[in-house]
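Structure file data30.cif (mmCIF, C-alpha atoms and all ligand atoms) follows.
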```
data_model
loop_
_atom_site.label_atom_id
_atom_site.label_comp_id
_atom_site.auth_asym_id
_atom_site.auth_seq_id
_atom_site.Cartn_x
_atom_site.Cartn_y
_atom_site.Cartn_z
CA MET A 393 17.77 27.22 -0.50
CA ASP A 394 14.04 27.34 0.40
CA ASP A 395 13.15 26.79 4.05
CA LEU A 396 11.80 23.34 4.84
CA HIS A 397 9.08 23.10 7.50
CA PHE A 398 7.81 19.80 8.90
CA TYR A 399 4.41 19.61 10.65
CA THR A 400 3.93 16.54 12.77
CA ASN A 401 2.90 14.86 15.97
CA PRO A 402 5.31 12.27 17.43
CA GLN A 403 2.45 9.77 17.64
CA SER A 404 1.37 9.91 14.02
CA ARG A 405 2.26 8.98 10.46
CA GLY A 406 4.62 11.96 10.75
CA CYS A 407 7.20 9.50 12.15
CA ILE A 408 7.57 8.13 8.60
CA ILE A 409 8.38 11.61 7.28
CA ARG A 410 10.81 12.25 10.13
CA TRP A 411 12.64 9.11 9.02
CA MET A 412 12.63 10.31 5.39
CA LEU A 413 13.98 13.73 6.42
CA GLU A 414 16.73 12.14 8.48
CA GLU A 415 17.68 9.91 5.54
CA ILE A 416 17.96 13.00 3.32
CA GLY A 417 20.08 14.84 5.87
CA VAL A 418 18.90 18.39 5.07
CA SER A 419 18.02 20.85 7.81
CA TYR A 420 14.35 21.40 8.55
CA GLU A 421 12.23 23.10 11.16
CA THR A 422 9.83 20.88 13.10
CA HIS A 423 6.40 22.09 14.22
CA VAL A 424 4.84 19.69 16.71
CA LEU A 425 1.06 19.96 16.71
CA ALA A 426 -1.28 18.55 19.34
CA TYR A 427 -4.28 16.48 18.24
CA GLY A 428 -7.51 18.41 18.26
CA GLY A 429 -5.83 21.68 19.28
CA ALA A 430 -3.00 23.10 17.18
CA MET A 431 -3.93 20.85 14.23
CA LYS A 432 -7.29 22.62 13.90
CA THR A 433 -6.19 26.24 14.24
CA ALA A 434 -6.67 28.68 11.36
CA ASP A 435 -2.89 28.95 10.99
CA TYR A 436 -2.47 25.24 10.43
CA LEU A 437 -5.66 24.83 8.37
CA ALA A 438 -4.07 27.35 5.99
CA VAL A 439 -1.25 24.81 5.51
CA ASN A 440 -3.45 21.69 5.39
CA ARG A 441 -7.21 22.22 5.26
CA MET A 442 -7.61 18.59 6.36
CA GLY A 443 -6.23 19.56 9.77
CA LYS A 444 -4.04 16.46 9.68
CA VAL A 445 -0.35 15.69 9.94
CA PRO A 446 2.13 15.15 8.45
CA ALA A 447 2.65 18.01 6.04
CA ILE A 448 5.70 19.82 4.77
CA ARG A 449 6.13 23.34 3.47
CA HIS A 450 9.11 23.91 1.24
CA GLY A 451 9.33 27.57 0.28
CA LEU A 452 5.80 28.23 -1.02
CA ALA A 453 5.06 24.59 -1.84
CA VAL A 454 2.92 22.51 0.53
CA VAL A 455 2.86 18.72 0.29
CA THR A 456 0.59 16.45 2.32
CA GLU A 457 0.08 12.63 2.20
CA VAL A 458 2.98 10.51 3.37
CA ALA A 459 3.59 8.81 0.02
CA ALA A 460 3.55 12.14 -1.84
CA ILE A 461 5.91 13.76 0.67
CA CYS A 462 8.40 10.87 0.41
CA THR A 463 8.25 11.03 -3.39
CA TYR A 464 8.60 14.84 -3.43
CA LEU A 465 11.58 14.84 -1.06
CA ALA A 466 13.37 12.05 -2.95
CA GLU A 467 12.99 14.01 -6.21
CA THR A 468 13.81 17.41 -4.71
CA PHE A 469 17.00 16.20 -3.00
CA PRO A 470 18.40 13.74 -5.57
CA GLU A 471 21.85 13.83 -3.96
CA ALA A 472 20.43 11.63 -1.16
CA GLY A 473 20.08 8.80 -3.70
CA LEU A 474 16.58 7.83 -2.53
CA GLY A 475 14.79 8.23 -5.86
CA PRO A 476 14.58 5.38 -8.37
CA SER A 477 17.13 4.72 -11.09
CA PRO A 478 15.44 4.42 -14.53
CA GLY A 479 15.35 0.64 -14.23
CA GLU A 480 13.76 0.80 -10.77
CA LYS A 481 10.83 3.10 -11.63
CA ALA A 482 8.27 0.36 -12.24
CA ASP A 483 8.80 -1.25 -8.83
CA TYR A 484 9.23 2.09 -7.10
CA TYR A 485 5.90 3.59 -8.21
CA ARG A 486 3.99 0.34 -8.15
CA TRP A 487 4.78 -0.36 -4.50
CA MET A 488 4.58 3.28 -3.37
CA PHE A 489 0.97 3.38 -4.64
CA PHE A 490 0.17 -0.13 -3.42
CA ALA A 491 1.21 0.93 0.09
CA ALA A 492 -0.84 4.15 -0.08
CA GLY A 493 -3.95 2.51 -1.50
CA PRO A 494 -4.62 -1.19 -0.89
CA LEU A 495 -2.39 -1.57 2.18
CA GLU A 496 -3.77 1.53 3.88
CA GLU A 497 -7.38 0.45 3.20
CA LEU A 498 -6.73 -3.07 4.43
CA VAL A 499 -5.14 -2.06 7.72
CA THR A 500 -7.59 0.74 8.52
CA ASN A 501 -10.61 -1.46 7.77
CA HIS A 502 -9.04 -4.15 9.95
CA ASP A 503 -8.36 -1.70 12.81
CA MET A 504 -11.97 -0.44 12.64
CA GLY A 505 -13.32 -3.98 12.59
CA PHE A 506 -15.05 -3.41 9.23
CA GLU A 507 -15.85 -6.73 7.55
CA VAL A 508 -16.23 -6.62 3.78
CA PRO A 509 -18.96 -9.03 2.64
CA GLN A 510 -17.40 -11.74 0.48
CA LYS A 511 -19.39 -10.82 -2.60
CA ARG A 512 -18.21 -7.15 -2.37
CA GLN A 513 -14.48 -7.97 -2.05
CA GLY A 514 -13.96 -7.41 -5.78
CA MET A 515 -14.83 -3.75 -5.25
CA MET A 516 -12.18 -3.20 -2.58
CA GLY A 517 -8.73 -2.22 -3.87
CA TYR A 518 -7.12 -4.84 -1.64
CA GLY A 519 -9.59 -7.62 -2.39
CA ARG A 520 -8.67 -10.29 0.17
CA ALA A 521 -6.01 -10.16 2.92
CA GLU A 522 -4.57 -13.51 1.84
CA ASP A 523 -3.96 -12.23 -1.70
CA VAL A 524 -2.29 -9.09 -0.30
CA THR A 525 -0.05 -11.25 1.89
CA ALA A 526 0.99 -13.46 -1.04
CA THR A 527 1.55 -10.39 -3.24
CA LEU A 528 3.79 -8.72 -0.66
CA GLU A 529 5.74 -11.90 -0.14
CA GLN A 530 6.29 -12.23 -3.88
CA ALA A 531 7.49 -8.60 -4.04
CA LEU A 532 10.19 -9.17 -1.42
CA VAL A 533 11.17 -12.81 -1.67
CA ASP A 534 14.11 -12.46 -4.08
CA ARG A 535 15.49 -9.06 -3.05
CA PRO A 536 16.65 -7.12 -0.01
CA TYR A 537 14.66 -3.98 -0.91
CA VAL A 538 11.53 -3.18 -2.88
CA CYS A 539 13.43 -2.06 -6.01
CA GLY A 540 16.19 -4.66 -5.74
CA ASP A 541 19.61 -4.13 -4.17
CA HIS A 542 19.29 -0.49 -3.13
CA PHE A 543 17.32 1.14 -0.32
CA ARG A 544 15.02 3.84 -1.77
CA ALA A 545 12.33 6.23 -0.47
CA VAL A 546 9.69 3.63 -1.30
CA ASP A 547 11.22 1.36 1.35
CA ILE A 548 10.58 3.99 4.02
CA TYR A 549 6.86 4.12 3.28
CA PHE A 550 6.33 0.52 2.18
CA SER A 551 8.08 -0.98 5.22
CA SER A 552 6.19 1.34 7.59
CA GLN A 553 2.84 0.29 6.10
CA LEU A 554 3.85 -3.39 5.99
CA ILE A 555 4.96 -3.37 9.65
CA TRP A 556 1.71 -1.60 10.63
CA CYS A 557 -0.24 -4.31 8.75
CA PHE A 558 1.41 -7.31 10.37
CA ASN A 559 1.60 -5.78 13.84
CA ALA A 560 -2.13 -5.02 13.65
CA GLY A 561 -2.80 -8.59 12.50
CA ALA A 562 -4.27 -7.38 9.18
CA ILE A 563 -1.89 -9.76 7.38
CA GLU A 564 0.02 -12.80 8.52
CA LYS A 565 3.62 -12.17 9.67
CA ARG A 566 5.88 -14.15 7.35
CA PRO A 567 9.67 -14.69 7.69
CA VAL A 568 10.38 -12.64 4.55
CA PHE A 569 8.50 -9.67 6.08
CA GLU A 570 10.39 -9.95 9.37
CA ALA A 571 13.76 -10.16 7.58
CA TYR A 572 12.90 -7.02 5.56
CA ALA A 573 11.67 -5.20 8.69
CA ASP A 574 14.92 -6.08 10.52
CA ARG A 575 16.98 -4.84 7.57
CA VAL A 576 15.31 -1.41 7.42
CA SER A 577 15.16 -1.06 11.23
CA ASP A 578 18.95 -1.08 11.30
CA ARG A 579 19.22 2.25 9.46
CA PRO A 580 20.94 5.00 11.47
CA ALA A 581 18.50 7.60 10.10
CA LEU A 582 15.56 5.65 11.52
CA LYS A 583 17.26 5.43 14.90
CA ARG A 584 17.87 9.20 14.85
CA ALA A 585 14.27 9.86 13.81
CA THR A 586 12.92 7.62 16.58
CA ARG A 587 15.07 9.43 19.16
CA LEU A 588 13.90 12.86 17.93
CA ASP A 589 10.25 11.76 18.10
CA GLU A 590 10.73 10.35 21.60
CA GLU A 591 12.22 13.68 22.68
CA ALA A 592 9.35 15.61 21.03
CA LEU A 593 6.80 13.40 22.80
CA ALA A 594 8.49 13.89 26.19
CA LYS A 595 8.51 17.67 25.63
CA MET A 596 4.83 17.68 24.59
CA LYS A 597 3.92 15.78 27.76
CA ALA A 598 6.03 18.06 29.97
CA ASP A 599 4.50 21.20 28.37
CA ALA A 600 0.98 19.82 28.88
CA ALA A 601 1.59 18.90 32.57
N1 LIG A 701 -3.63 10.20 4.13
C1 LIG A 701 -2.88 10.93 5.12
C2 LIG A 701 -3.34 10.52 6.51
C3 LIG A 701 -3.07 11.60 7.51
C4 LIG A 701 -3.71 11.30 8.86
O1 LIG A 701 -4.81 10.72 8.93
N2 LIG A 701 -3.06 11.73 9.93
C5 LIG A 701 -3.59 11.54 11.27
C6 LIG A 701 -2.45 11.16 12.20
S1 LIG A 701 -1.62 9.67 11.74
C7 LIG A 701 -4.12 12.88 11.79
O2 LIG A 701 -3.51 13.90 11.59
N3 LIG A 701 -5.25 12.85 12.51
C8 LIG A 701 -5.77 14.01 13.18
C9 LIG A 701 -7.16 14.37 12.79
O3 LIG A 701 -7.67 13.89 11.77
O4 LIG A 701 -7.75 15.18 13.51
C10 LIG A 701 -1.38 10.70 4.92
O5 LIG A 701 -0.99 9.72 4.28
O6 LIG A 701 -0.58 11.52 5.37
#
```
Final structure tokens representation of the file:
Amino acid sequence: MDDLHFYTNPQSRGCIIRWMLEEIGVSYETHVLAYGGAMKTADYLAVNRMGKVPAIRHGLAVVTEVAAICTYLAETFPEAGLGPSPGEKADYYRWMFFAAGPLEELVTNHDMGFEVPQKRQGMMGYGRAEDVTATLEQALVDRPYVCGDHFRAVDIYFSSQLIWCFNAGAIEKRPVFEAYADRVSDRPALKRATRLDEEALAKMKADAA
């Protein structure tokens, strides 16, 4: 089997990929990169010219972008059961891309304090925060997971983006969002991933001291 390498920082979007990797249960080698330093070396820029984490290298293949990595891993390791069944594909791709596009734009604009003038909202992929909130609520109201009854890779990314959005105050926290967040937070793979990232952070701090 090809070697699987994971490039991350424990205080980054890499935590989402750590969760995905722990859900899949394959072995992988972790490379923890410091902001500004290791992320911008020639060695790492050869992996991801953006100088950003996360990234994975699987044999000769490099994948960057959290949504793409989750999708790639779910398809490459089908035995983990995290890819969509044929009947789930519409929801799976719709919400994977919604989380990567509109949700990401909404929360980053909110964090930066960028105000979109009302008459330009039609140009923004997310339009208005209240429409995003209502859309997300509608997506989750009648089902435990994004695609229905089964937890899939899209839930890893979608829930992470959703939780980021409501914790940042970019959207209103609604009971259906909290119930979904509680449901996914209970996953043993997430608990393992969180512990591994906490250990990586402690080691980074000790090495830097
Ligand atoms: N669109 C990328 C975003 C990657 C990203 O911005 N990563 C941040 C950490 S969360 C980073 O590496 N920043 C370091 C830098 O830009 O120098 C994804 O979805 O993976």
Exercise. Residues within 6 Å of ligand LIG 701 (chain A) (all atoms listed in the file), as a list in words?
Worked result: Ser404, Arg405, Tyr427, Gly428, Gly443, Lys444, Val445, Pro446, Thr456, Glu457 and Val458 of chain A
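Closest approach to Ser551 in chain A among A:Gln510, A:Ser477, A:Ser577, A:Thr400: A:Ser577, based on all atoms listed in the file.
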Problem set entry | Residues within 12 Å of Tyr485 in chain A, only C-alpha atoms, excluding chain neighbours under 6 positions, as a count of residues only | 20
For this session: Using only C-alpha atoms, find the one residue out of A:Ala482, A:Ile548, A:Arg566, A:Met488 that sits nearest to Glu522 in chain A.
Result: A:Arg566
Exercise. Neighbours of range 556-563 of chain A within 8 Å (all atoms listed in the file; same-chain residues fewer than 2 positions away dropped), as JSON, numbers by chain?
Worked result: {"A": [495, 498, 499, 502, 503, 521, 522, 524, 525, 552, 553, 554, 565]}
May I have the residues from that selection written out with C-alpha atoms, as an mmCIF file, keeping the file's coordinate frame?
```cif
data_model
loop_
_atom_site.group_PDB
_atom_site.id
_atom_site.type_symbol
_atom_site.label_atom_id
_atom_site.label_comp_id
_atom_site.auth_asym_id
_atom_site.auth_seq_id
_atom_site.Cartn_x
_atom_site.Cartn_y
_atom_site.Cartn_z
ATOM 1 C CA LEU A 495 -2.390 -1.570 2.180
ATOM 2 C CA LEU A 498 -6.730 -3.070 4.430
ATOM 3 C CA VAL A 499 -5.140 -2.060 7.720
ATOM 4 C CA HIS A 502 -9.040 -4.150 9.950
ATOM 5 C CA ASP A 503 -8.360 -1.700 12.810
ATOM 6 C CA ALA A 521 -6.010 -10.160 2.920
ATOM 7 C CA GLU A 522 -4.570 -13.510 1.840
ATOM 8 C CA VAL A 524 -2.290 -9.090 -0.300
ATOM 9 C CA THR A 525 -0.050 -11.250 1.890
ATOM 10 C CA SER A 552 6.190 1.340 7.590
ATOM 11 C CA GLN A 553 2.840 0.290 6.100
ATOM 12 C CA LEU A 554 3.850 -3.390 5.990
ATOM 13 C CA LYS A 565 3.620 -12.170 9.670
#
```
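Rounded to one decimal, CA of Phe569 in chain A and CA of Thr468 in chain A lie 29.6 Å from each other.
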For this session: Calculate how many Å separate CA of Gly417 in chain A from CA of Ala581 in chain A, rounding to one decimal.
Result: 8.5 Å
Problem set entry | Distance criterion (only C-alpha atoms): nearest to Ile448 in chain A out of A:Leu474, A:Cys407, A:Leu396, A:Met412 | A:Leu396
Exercise. Hey, which of A:Val418, A:Val576, A:Gly517, A:Lys583 ends up closest to Ala472 in chain A? Count only C-alpha atoms.
Worked result: A:Val418
Contact table range 400-437 of chain A vs range 588-595 of chain A, cut-off 12 Å, shortest pair per residue, all atoms listed in the file, as a Markdown table:
```
| residue | atom | partner | partner_atom | distance |
| --- | --- | --- | --- | --- |
| A:Thr400 | CA | A:Asp589 | CA | 9.5 |
| A:Asn401 | CA | A:Leu593 | CA | 8.0 |
| A:Pro402 | CA | A:Asp589 | CA | 5.0 |
| A:Gln403 | CA | A:Leu593 | CA | 7.7 |
| A:Ser404 | CA | A:Asp589 | CA | 9.9 |
| A:Arg405 | CA | A:Asp589 | CA | 11.4 |
| A:Gly406 | CA | A:Asp589 | CA | 9.3 |
| A:Cys407 | CA | A:Asp589 | CA | 7.1 |
| A:Ile408 | CA | A:Asp589 | CA | 10.5 |
| A:Ile409 | CA | A:Asp589 | CA | 11.0 |
| A:Arg410 | CA | A:Asp589 | CA | 8.0 |
| A:Trp411 | CA | A:Leu588 | CA | 9.7 |
| A:Leu413 | CA | A:Leu588 | CA | 11.5 |
| A:Glu414 | CA | A:Leu588 | CA | 9.9 |
| A:Thr422 | CA | A:Ala592 | CA | 9.5 |
| A:His423 | CA | A:Ala592 | CA | 9.9 |
| A:Val424 | CA | A:Ala592 | CA | 7.5 |
| A:Leu425 | CA | A:Ala592 | CA | 10.3 |
| A:Ala426 | CA | A:Leu593 | CA | 10.2 |
```
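Each of A:Ala438, A:Ala585, A:Leu532, A:Ala600 was checked against Tyr572 in chain A using all atoms listed in the file; the smallest atom-to-atom distance is that of A:Leu532.
CA of Glu529 in chain A is found 6.6 Å from CA of Val568 in chain A.
The smallest atom-to-atom distance between Ile461 in chain A and any of A:Asp523, A:Tyr436, A:Phe398, A:Ala430, using only C-alpha atoms, is found for A:Phe398.
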